[in-house]
>>> print(open('entry14.txt').read())   # compact mmCIF, C-alpha atoms
# COMPACT_ATOMS: atom_id res chain seq x y z
CA ARG A 1 139.52 151.15 128.70
CA ALA A 2 137.64 147.88 128.96
CA SER A 3 135.00 149.15 126.54
CA ALA A 4 137.61 150.18 123.94
CA PRO A 5 140.60 147.82 124.10
CA ALA A 6 143.71 148.46 121.98
CA LEU A 7 146.36 146.04 120.78
CA ARG A 8 149.93 146.56 119.59
CA GLY A 9 152.07 144.03 117.76
CA ALA A 10 151.80 141.64 114.83
CA VAL A 11 150.79 138.07 114.09
CA GLN A 12 152.81 136.39 111.33
CA ALA A 13 151.74 133.29 109.42
CA GLN A 14 154.46 130.64 109.15
CA ARG A 15 152.92 128.60 106.34
CA GLY A 16 149.60 127.71 104.80
CA SER A 17 147.56 127.53 101.62
CA LEU A 18 144.47 129.08 100.09
CA PHE A 19 142.21 127.14 97.73
CA LEU A 20 140.28 129.08 95.08
CA ARG A 21 138.22 126.66 93.02
CA GLU A 22 140.59 123.69 92.54
CA ASN A 23 143.67 125.93 92.53
CA GLU A 24 146.08 125.90 95.49
CA PHE A 25 147.92 129.12 96.39
CA ARG A 26 150.80 128.75 98.83
CA ILE A 27 151.10 131.62 101.32
CA SER A 28 154.48 133.35 101.12
CA THR A 29 153.73 136.14 103.60
CA ALA A 30 150.72 136.90 105.78
CA ALA A 31 150.37 139.19 108.77
CA ALA A 32 147.84 140.97 110.95
CA THR A 33 149.40 144.17 112.32
CA PHE A 34 147.97 145.99 115.34
CA GLU A 35 149.00 149.64 115.58
CA GLY A 36 148.09 150.11 119.27
CA THR A 37 145.27 152.62 118.76
CA THR A 38 142.39 150.11 118.41
CA ALA A 39 141.79 146.37 118.63
CA TYR A 40 141.48 146.14 114.83
CA PRO A 41 144.42 144.98 112.70
CA GLU A 42 145.63 145.79 109.21
CA LEU A 43 145.67 142.62 107.14
CA ARG A 44 148.02 141.61 104.34
CA ALA A 45 148.63 138.26 102.68
CA VAL A 46 150.51 137.23 99.55
CA ALA A 47 150.13 133.76 98.02
CA THR A 48 151.30 132.22 94.75
CA GLY A 49 150.10 129.26 92.70
CA ASP A 50 149.75 127.88 89.20
CA VAL A 51 146.44 128.17 87.35
CA ARG A 52 145.80 126.13 84.23
CA ASP A 53 145.00 128.12 81.07
CA GLY A 54 144.40 125.56 78.38
CA ASN A 55 147.61 123.54 78.19
CA VAL A 56 149.71 126.13 80.03
CA ASN A 57 150.32 126.66 83.74
CA VAL A 58 150.12 130.37 84.58
CA PRO A 59 151.88 131.45 87.81
CA VAL A 60 149.48 133.80 89.60
CA THR A 61 150.13 135.92 92.68
CA VAL A 62 147.22 136.79 94.99
CA THR A 63 147.61 139.91 97.14
CA LEU A 64 145.00 140.44 99.84
CA THR A 65 144.87 143.62 101.95
CA GLY A 66 142.31 144.70 104.49
CA GLN A 67 141.70 147.64 106.81
CA PHE A 68 139.02 148.38 109.39
CA VAL A 69 137.83 151.90 108.63
CA ASP A 70 135.34 154.25 110.27
CA ASP A 71 132.04 153.94 108.42
CA GLY A 72 130.95 157.44 109.47
CA THR A 73 128.74 156.28 112.34
CA GLY A 74 131.54 155.51 114.80
CA ALA A 75 131.50 151.81 113.91
CA ARG A 76 134.25 149.98 112.04
CA ALA A 77 133.84 148.32 108.65
CA LEU A 78 136.33 146.06 106.91
CA ARG A 79 137.60 147.20 103.53
CA LEU A 80 138.98 144.15 101.75
CA ASP A 81 140.87 144.26 98.46
CA THR A 82 141.99 141.23 96.43
CA ARG A 83 144.42 141.62 93.52
CA PHE A 84 145.81 139.14 90.98
CA SER A 85 149.02 139.53 89.01
CA THR A 86 151.40 137.44 86.91
CA THR A 87 154.67 137.82 85.04
CA ALA A 88 153.67 135.22 82.45
CA GLN A 89 152.93 136.05 78.84
CA ARG A 90 149.90 134.81 76.95
CA ALA A 91 150.51 132.05 74.41
CA SER A 92 149.17 134.39 71.75
CA GLY A 93 151.45 137.17 72.96
CA GLY A 94 151.00 140.05 75.38
CA THR A 95 150.44 140.13 79.13
CA TYR A 96 147.36 139.04 81.06
CA THR A 97 145.05 141.81 82.23
CA GLU A 98 143.67 141.70 85.77
CA ASP A 99 140.17 141.00 84.38
CA GLU A 100 141.55 137.98 82.54
CA LEU A 101 143.26 136.69 85.68
CA TYR A 102 140.01 137.05 87.67
CA ALA A 103 138.19 135.10 84.97
CA LEU A 104 140.95 132.47 84.86
CA VAL A 105 140.90 131.84 88.62
CA ALA A 106 137.11 131.96 88.97
CA PHE A 107 136.00 130.17 85.78
CA GLY A 108 139.07 128.40 84.41
CA THR A 109 139.26 130.52 81.27
CA SER A 110 141.04 133.77 80.51
CA ASP A 111 138.57 134.54 77.73
CA VAL A 112 136.54 137.35 79.30
CA THR A 113 134.03 137.22 76.43
CA ALA A 114 133.07 133.67 77.50
CA ILE A 115 131.85 134.94 80.88
CA PRO A 116 128.16 135.88 81.24
CA GLY A 117 127.79 139.59 80.56
CA ASN A 118 126.21 140.38 83.93
CA LEU A 119 129.31 139.17 85.79
CA THR A 120 131.37 142.32 86.13
CA GLN A 121 134.84 142.56 87.62
CA SER A 122 133.21 143.72 90.85
CA ALA A 123 131.14 140.52 90.92
CA LEU A 124 134.24 138.43 90.30
CA ARG A 125 136.04 140.19 93.16
CA THR A 126 133.08 139.50 95.43
CA ALA A 127 132.98 135.81 94.51
CA LEU A 128 136.69 135.37 95.10
CA ASN A 129 136.52 137.26 98.40
CA VAL A 130 133.80 134.82 99.51
CA PHE A 131 136.11 131.91 98.61
CA LEU A 132 138.88 133.53 100.62
CA VAL A 133 136.64 134.04 103.65
CA GLY A 134 135.62 130.37 103.57
CA GLU A 135 139.22 129.26 103.34
CA ILE A 136 140.22 131.58 106.21
CA GLU A 137 137.44 130.06 108.33
CA ARG A 138 138.68 126.51 107.79
CA ASN A 139 142.36 127.32 108.34
CA VAL A 140 141.81 129.42 111.48
CA ALA A 141 139.52 126.80 113.04
CA ARG A 142 142.09 124.08 112.30
CA ALA A 143 145.01 126.14 113.61
CA LEU A 144 143.27 127.16 116.85
CA GLY A 145 141.69 123.78 117.49
CA LEU A 146 138.16 125.24 117.37
CA ASP A 147 135.01 123.36 116.50
CA VAL A 148 133.42 126.50 115.04
CA PHE A 149 134.96 129.57 113.42
CA ARG A 150 132.66 131.59 111.17
CA ILE A 151 132.88 134.96 109.45
CA ARG A 152 129.59 136.49 108.35
CA THR A 153 129.69 139.55 106.10
CA ASN A 154 127.54 141.41 103.58
CA LEU A 155 130.14 140.68 100.90
CA LEU A 156 127.52 139.56 98.41
CA SER A 157 126.15 143.10 98.27
CA GLY A 158 129.32 144.13 96.44
CA ASP A 159 129.93 147.07 98.78
CA SER A 160 133.56 148.03 99.34
CA ASP A 161 132.79 148.72 103.01
CA PHE A 162 130.94 145.94 104.75
CA SER A 163 130.08 144.61 108.17
CA VAL A 164 131.66 141.52 109.67
CA GLN A 165 130.57 139.23 112.47
CA PHE A 166 132.91 136.62 113.97
CA THR A 167 131.79 133.47 115.77
CA VAL A 168 134.09 131.09 117.65
CA GLY A 169 132.98 128.00 119.48
CA SER A 170 134.36 124.85 121.03
CA TYR A 171 133.25 121.76 122.93
CA LEU A 172 134.94 121.93 126.33
CA SER A 173 133.65 118.40 126.92
CA ARG A 174 131.43 116.00 125.02
CA ASN A 175 128.32 117.67 126.46
CA PHE A 176 129.45 121.26 127.08
CA PHE A 177 129.64 123.75 124.20
CA VAL A 178 130.69 127.42 124.50
CA GLN A 179 130.32 130.00 121.72
CA TYR A 180 131.19 133.69 121.42
CA GLN A 181 129.90 136.00 118.70
CA VAL A 182 131.11 139.57 118.12
CA ASP A 183 130.82 142.22 115.40
CA LEU A 184 133.12 145.08 114.42
CA ARG A 185 131.49 147.45 116.91
CA GLY A 186 132.48 145.15 119.76
CA ALA A 187 128.88 144.10 120.44
CA GLY A 188 129.08 140.44 121.38
CA LEU A 189 127.05 137.52 122.65
CA ILE A 190 128.44 134.68 124.75
CA ASP A 191 126.52 131.43 124.88
CA ALA A 192 127.04 128.18 126.81
CA THR A 193 125.03 124.98 126.36
CA TYR A 194 125.18 121.78 128.41
CA THR A 195 123.30 118.58 127.64
CA THR A 196 123.09 115.68 130.08
CA ASP A 197 124.51 112.30 129.11
CA ASP A 198 121.07 110.82 128.50
CA GLY A 199 120.15 113.75 126.22
CA ARG A 200 117.02 114.55 128.22
CA LEU A 201 117.94 117.93 129.70
CA THR A 202 119.60 120.89 127.98
CA PHE A 203 120.76 123.91 129.98
CA ARG A 204 121.64 127.17 128.23
CA VAL A 205 123.04 130.46 129.52
CA SER A 206 123.68 133.47 127.27
CA SER A 207 124.53 137.12 127.73
CA PRO A 208 125.44 140.17 125.67
CA LEU A 209 128.98 141.42 126.20
CA THR A 210 130.34 144.64 124.70
CA GLY A 211 134.12 144.49 124.39
CA LEU A 212 135.55 143.57 127.79
CA ASP A 213 133.06 145.72 129.68
CA LEU A 214 131.53 143.40 132.30
CA SER A 215 128.88 145.99 133.14
CA THR A 216 127.13 145.04 129.88
CA VAL A 217 126.57 141.44 131.02
CA ARG A 218 122.84 140.63 131.20
CA PRO A 219 122.54 136.83 131.53
CA SER A 220 119.53 134.89 130.31
CA ALA A 221 118.97 131.21 131.10
CA SER A 222 116.76 128.39 129.92
CA VAL A 223 116.27 124.69 130.52
CA SER A 224 114.70 122.26 128.06
CA TYR A 225 113.36 118.78 128.64
CA ASN A 226 113.62 116.72 125.48
CA LEU A 227 110.55 114.47 125.29
CA THR A 228 111.77 112.86 122.06
CA GLU A 229 114.45 113.60 119.45
CA ARG A 230 112.01 116.01 117.80
CA SER A 231 110.04 117.58 120.62
CA SER A 232 110.85 119.40 123.86
CA VAL A 233 109.37 121.69 126.48
CA SER A 234 111.37 124.62 127.83
CA PHE A 235 111.33 127.28 130.51
CA GLY A 236 113.53 130.35 130.46
CA VAL A 237 114.27 133.75 131.95
CA GLN A 238 115.42 136.46 129.51
CA ASN A 239 116.93 139.79 130.49
CA ASN A 240 116.24 142.67 128.10
CA VAL A 241 118.16 145.94 128.19
CA VAL A 242 117.47 149.08 126.16
CA ASN A 243 121.07 150.23 125.79
CA LEU A 244 124.28 148.34 126.43
CA GLY A 245 127.42 150.16 127.50
CA PRO A 246 128.94 151.87 130.54
CA ASN A 247 125.55 153.49 131.26
CA PRO A 248 122.96 150.86 130.30
CA GLY A 249 119.35 151.83 130.02
CA PRO A 250 116.45 150.30 131.94
CA SER A 251 116.17 146.52 131.79
CA SER A 252 113.24 144.14 131.98
CA THR A 253 112.83 140.44 132.62
CA THR A 254 110.72 138.10 130.50
CA PHE A 255 109.68 134.59 131.55
CA ARG A 256 109.19 132.13 128.71
CA LEU A 257 107.48 128.76 128.57
CA GLY A 258 107.41 126.90 125.31
CA TYR A 259 106.97 123.67 123.36
CA THR A 260 109.12 122.88 120.31
CA PHE A 261 108.54 120.28 117.62
CA ARG A 262 111.21 119.80 114.93
CA PHE A 263 110.23 118.41 111.54
>>> encode(input="entry14.txt", output="structure tokens")
Amino acid sequence: RASAPALRGAVQAQRGSLFLRENEFRISTAAATFEGTTAYPELRAVATGDVRDGNVNVPVTVTLTGQFVDDGTGARALRLDTRFSTTAQRASGGTYTEDELYALVAFGTSDVTAIPGNLTQSALRTALNVFLVGEIERNVARALGLDVFRIRTNLLSGDSDFSVQFTVGSYLSRNFFVQYQVDLRGAGLIDATYTTDDGRLTFRVSSPLTGLDLSTVRPSASVSYNLTERSSVSFGVQNNVVNLGPNPGPSSTTFRLGYTFRF
């Protein structure tokens, strides 16, 4: 169905690196596997790198796994898990614990007692997951030739299940920019902006789009005349709909006239 697409297959990474703090981890395996029942993949990546612990290089393996699970409301939430491991022995004897490896990668020291007491292992996991998300954004944008690739999550809340919103965008020409934003429920927003060569006029068209269901399209349009670099007047028509989906609710149209001044 257009409103609930499903994918089958796998995407394999050929090469790449992740940077956590100043440490580089070279990807050995990475894949997104689609089982054919939904459009959401299972994620797995393994990367290895050396992390300095005093005068010693410690080989550390990062294992990242992720699944999109039902959050109980019918929507999907991404469950992301990051693990660190090593076969190296401490200079003082014994093996590194996972807490020590988290501290080593995040703060440059394996001495857990040197870390502020309010930074729990959960907080360290959250911080490192944020680093990973940022690195994924940069690498995906570079690989796909995109001008914008963003992942927005509630990772900082520390929840194991969290929401994710993806944004991709690209300049199709010097003056024409197209952007698409979608969350894990498939609720999306497509946006196109064109600015004339002299920078005076800006045209914008946007519309919600749920999955691939074209019946959810409700375009809104606006035009702005830029008086100066900081001020502009605009006129727009916005379509509002109560419920998007195969059976959308009643819609209304709002006309907008405005003046904007940017400090």
>>> atom_distance(input="entry14.txt", atom1="atom CA of Val60 of chain A", atom2="atom CA of Thr48 of chain A")
5.7 Å
>>> closest_residue(input="entry14.txt", among="A:Arg256, A:Tyr40, A:Ser220, A:Ser215", to="Val233 of chain A", atoms="only C-alpha atoms")
A:Arg256
>>> residues_around(input="entry14.txt", residues="Ser231 of chain A", least_positions_apart="5", cutoff="7 Å", atoms="all atoms listed in the file", output="CSV table (one decimal) with C-alpha atoms, in the frame of the given file")
chain,number,residue,atom,x,y,z
A,226,ASN,CA,113.6,116.7,125.5
A,260,THR,CA,109.1,122.9,120.3
A,261,PHE,CA,108.5,120.3,117.6
A,262,ARG,CA,111.2,119.8,114.9
>>> residues_near_point(input="entry14.txt", point="(147.3, 129.0, 80.4)", cutoff="9 Å", atoms="all atoms listed in the file", output="ChimeraX atom specification")
/A:51-58,90-91,104,109-110
>>> atom_distance(input="entry14.txt", atom1="atom CA of Phe176 of chain A", atom2="atom CA of Asp147 of chain A")
12.1 Å
>>> residues_around(input="entry14.txt", residues="Asn240 of chain A", least_positions_apart="3", cutoff="8 Å", atoms="all atoms listed in the file", output="compact mmCIF listing (two decimals) with C-alpha atoms, in the frame of the given file")
# COMPACT_ATOMS: atom_id res chain seq x y z
CA ARG A 218 122.84 140.63 131.20
CA SER A 251 116.17 146.52 131.79
CA SER A 252 113.24 144.14 131.98
CA THR A 253 112.83 140.44 132.62
CA THR A 254 110.72 138.10 130.50
>>> residues_around(input="entry14.txt", residues="Ala192 of chain A", least_positions_apart="5", cutoff="7 Å", atoms="all atoms listed in the file", output="PyMOL selection string")
chain A and resi 177-179+204-206
>>> residues_around(input="entry14.txt", residues="Leu257 of chain A", least_positions_apart="2", cutoff="9 Å", atoms="only C-alpha atoms", output="number ranges by chain")
A: 233-236, 255, 259
>>> atom_distance(input="entry14.txt", atom1="atom CA of Phe107 of chain A", atom2="atom CA of Ala45 of chain A")
22.6 Å
>>> axis_aligned_box(input="entry14.txt", around="segment 173-183 of chain A", padding_each_side="6 Å", output="JSON")
{"center_x": 131.0, "center_y": 129.1, "center_z": 121.2, "size_x": 17.3, "size_y": 38.2, "size_z": 23.7}
>>> residues_around(input="entry14.txt", residues="Phe25 of chain A", least_positions_apart="5", cutoff="10 Å", atoms="all atoms listed in the file", output="PyMOL selection string")
chain A and resi 16-20+46-51+59-62
>>> write_last_selection(input="entry14.txt", atoms="C-alpha atoms", output="short mmCIF file (atom, residue, chain, number, x, y, z; two decimals), in the frame of the given file")
data_model
loop_
_atom_site.label_atom_id
_atom_site.label_comp_id
_atom_site.auth_asym_id
_atom_site.auth_seq_id
_atom_site.Cartn_x
_atom_site.Cartn_y
_atom_site.Cartn_z
CA GLY A 16 149.60 127.71 104.80
CA SER A 17 147.56 127.53 101.62
CA LEU A 18 144.47 129.08 100.09
CA PHE A 19 142.21 127.14 97.73
CA LEU A 20 140.28 129.08 95.08
CA VAL A 46 150.51 137.23 99.55
CA ALA A 47 150.13 133.76 98.02
CA THR A 48 151.30 132.22 94.75
CA GLY A 49 150.10 129.26 92.70
CA ASP A 50 149.75 127.88 89.20
CA VAL A 51 146.44 128.17 87.35
CA PRO A 59 151.88 131.45 87.81
CA VAL A 60 149.48 133.80 89.60
CA THR A 61 150.13 135.92 92.68
CA VAL A 62 147.22 136.79 94.99
#
>>> build_atoms(input="entry14.txt", residues="segment 45-56 of chain A", atoms="all heavy atoms", output="PDB file, in the coordinates of the input")
ATOM      1  N   ALA A  45     148.195 139.617 102.995  1.00  0.00           N
ATOM      2  CA  ALA A  45     148.630 138.260 102.680  1.00  0.00           C
ATOM      3  C   ALA A  45     149.001 138.192 101.208  1.00  0.00           C
ATOM      4  O   ALA A  45     148.351 138.812 100.354  1.00  0.00           O
ATOM      5  CB  ALA A  45     147.537 137.250 102.994  1.00  0.00           C
ATOM      6  N   VAL A  46     150.062 137.451 100.917  1.00  0.00           N
ATOM      7  CA  VAL A  46     150.510 137.230  99.550  1.00  0.00           C
ATOM      8  C   VAL A  46     150.658 135.727  99.353  1.00  0.00           C
ATOM      9  O   VAL A  46     151.304 135.043 100.161  1.00  0.00           O
ATOM     10  CB  VAL A  46     151.838 137.941  99.241  1.00  0.00           C
ATOM     11  CG1 VAL A  46     152.282 137.651  97.812  1.00  0.00           C
ATOM     12  CG2 VAL A  46     151.707 139.445  99.472  1.00  0.00           C
ATOM     13  N   ALA A  47     150.049 135.188  98.305  1.00  0.00           N
ATOM     14  CA  ALA A  47     150.130 133.760  98.020  1.00  0.00           C
ATOM     15  C   ALA A  47     150.332 133.560  96.529  1.00  0.00           C
ATOM     16  O   ALA A  47     149.886 134.376  95.703  1.00  0.00           O
ATOM     17  CB  ALA A  47     148.865 133.044  98.482  1.00  0.00           C
ATOM     18  N   THR A  48     151.019 132.494  96.161  1.00  0.00           N
ATOM     19  CA  THR A  48     151.300 132.220  94.750  1.00  0.00           C
ATOM     20  C   THR A  48     150.892 130.791  94.407  1.00  0.00           C
ATOM     21  O   THR A  48     150.931 129.887  95.254  1.00  0.00           O
ATOM     22  CB  THR A  48     152.801 132.379  94.444  1.00  0.00           C
ATOM     23  OG1 THR A  48     153.560 131.512  95.311  1.00  0.00           O
ATOM     24  CG2 THR A  48     153.242 133.815  94.668  1.00  0.00           C
ATOM     25  N   GLY A  49     150.489 130.591  93.164  1.00  0.00           N
ATOM     26  CA  GLY A  49     150.100 129.260  92.700  1.00  0.00           C
ATOM     27  C   GLY A  49     149.968 129.237  91.197  1.00  0.00           C
ATOM     28  O   GLY A  49     149.937 130.287  90.540  1.00  0.00           O
ATOM     29  N   ASP A  50     149.896 128.051  90.648  1.00  0.00           N
ATOM     30  CA  ASP A  50     149.750 127.880  89.200  1.00  0.00           C
ATOM     31  C   ASP A  50     148.287 127.628  88.852  1.00  0.00           C
ATOM     32  O   ASP A  50     147.614 126.814  89.497  1.00  0.00           O
ATOM     33  CB  ASP A  50     150.587 126.704  88.709  1.00  0.00           C
ATOM     34  CG  ASP A  50     152.080 126.978  88.814  1.00  0.00           C
ATOM     35  OD1 ASP A  50     152.464 128.169  88.755  1.00  0.00           O
ATOM     36  OD2 ASP A  50     152.864 126.013  88.960  1.00  0.00           O
ATOM     37  N   VAL A  51     147.808 128.334  87.829  1.00  0.00           N
ATOM     38  CA  VAL A  51     146.440 128.170  87.350  1.00  0.00           C
ATOM     39  C   VAL A  51     146.505 127.732  85.892  1.00  0.00           C
ATOM     40  O   VAL A  51     147.220 128.333  85.081  1.00  0.00           O
ATOM     41  CB  VAL A  51     145.641 129.486  87.481  1.00  0.00           C
ATOM     42  CG1 VAL A  51     144.205 129.284  87.011  1.00  0.00           C
ATOM     43  CG2 VAL A  51     145.656 129.978  88.924  1.00  0.00           C
ATOM     44  N   ARG A  52     145.764 126.685  85.576  1.00  0.00           N
ATOM     45  CA  ARG A  52     145.800 126.130  84.230  1.00  0.00           C
ATOM     46  C   ARG A  52     145.015 126.988  83.259  1.00  0.00           C
ATOM     47  O   ARG A  52     143.858 127.330  83.491  1.00  0.00           O
ATOM     48  CB  ARG A  52     145.207 124.717  84.254  1.00  0.00           C
ATOM     49  CG  ARG A  52     145.539 123.864  83.036  1.00  0.00           C
ATOM     50  CD  ARG A  52     146.952 123.373  83.118  1.00  0.00           C
ATOM     51  NE  ARG A  52     147.244 122.406  82.034  1.00  0.00           N
ATOM     52  CZ  ARG A  52     148.448 121.946  81.793  1.00  0.00           C
ATOM     53  NH1 ARG A  52     149.474 122.344  82.543  1.00  0.00           N
ATOM     54  NH2 ARG A  52     148.651 121.077  80.831  1.00  0.00           N
ATOM     55  N   ASP A  53     145.653 127.391  82.156  1.00  0.00           N
ATOM     56  CA  ASP A  53     145.000 128.120  81.070  1.00  0.00           C
ATOM     57  C   ASP A  53     145.198 127.311  79.802  1.00  0.00           C
ATOM     58  O   ASP A  53     146.215 127.425  79.133  1.00  0.00           O
ATOM     59  CB  ASP A  53     145.580 129.527  80.917  1.00  0.00           C
ATOM     60  CG  ASP A  53     144.802 130.347  79.897  1.00  0.00           C
ATOM     61  OD1 ASP A  53     143.713 129.911  79.462  1.00  0.00           O
ATOM     62  OD2 ASP A  53     145.294 131.435  79.510  1.00  0.00           O
ATOM     63  N   GLY A  54     144.226 126.474  79.505  1.00  0.00           N
ATOM     64  CA  GLY A  54     144.400 125.560  78.380  1.00  0.00           C
ATOM     65  C   GLY A  54     145.442 124.514  78.713  1.00  0.00           C
ATOM     66  O   GLY A  54     145.285 123.744  79.662  1.00  0.00           O
ATOM     67  N   ASN A  55     146.529 124.491  77.950  1.00  0.00           N
ATOM     68  CA  ASN A  55     147.610 123.540  78.190  1.00  0.00           C
ATOM     69  C   ASN A  55     148.802 124.174  78.906  1.00  0.00           C
ATOM     70  O   ASN A  55     149.872 123.570  78.994  1.00  0.00           O
ATOM     71  CB  ASN A  55     148.092 122.942  76.853  1.00  0.00           C
ATOM     72  CG  ASN A  55     146.998 122.148  76.159  1.00  0.00           C
ATOM     73  OD1 ASN A  55     146.234 121.447  76.819  1.00  0.00           O
ATOM     74  ND2 ASN A  55     146.913 122.274  74.832  1.00  0.00           N
ATOM     75  N   VAL A  56     148.605 125.384  79.435  1.00  0.00           N
ATOM     76  CA  VAL A  56     149.710 126.130  80.030  1.00  0.00           C
ATOM     77  C   VAL A  56     149.415 126.416  81.501  1.00  0.00           C
ATOM     78  O   VAL A  56     148.277 126.768  81.854  1.00  0.00           O
ATOM     79  CB  VAL A  56     149.947 127.462  79.264  1.00  0.00           C
ATOM     80  CG1 VAL A  56     151.076 128.251  79.902  1.00  0.00           C
ATOM     81  CG2 VAL A  56     150.223 127.199  77.799  1.00  0.00           C
TER      82      VAL A  56
END
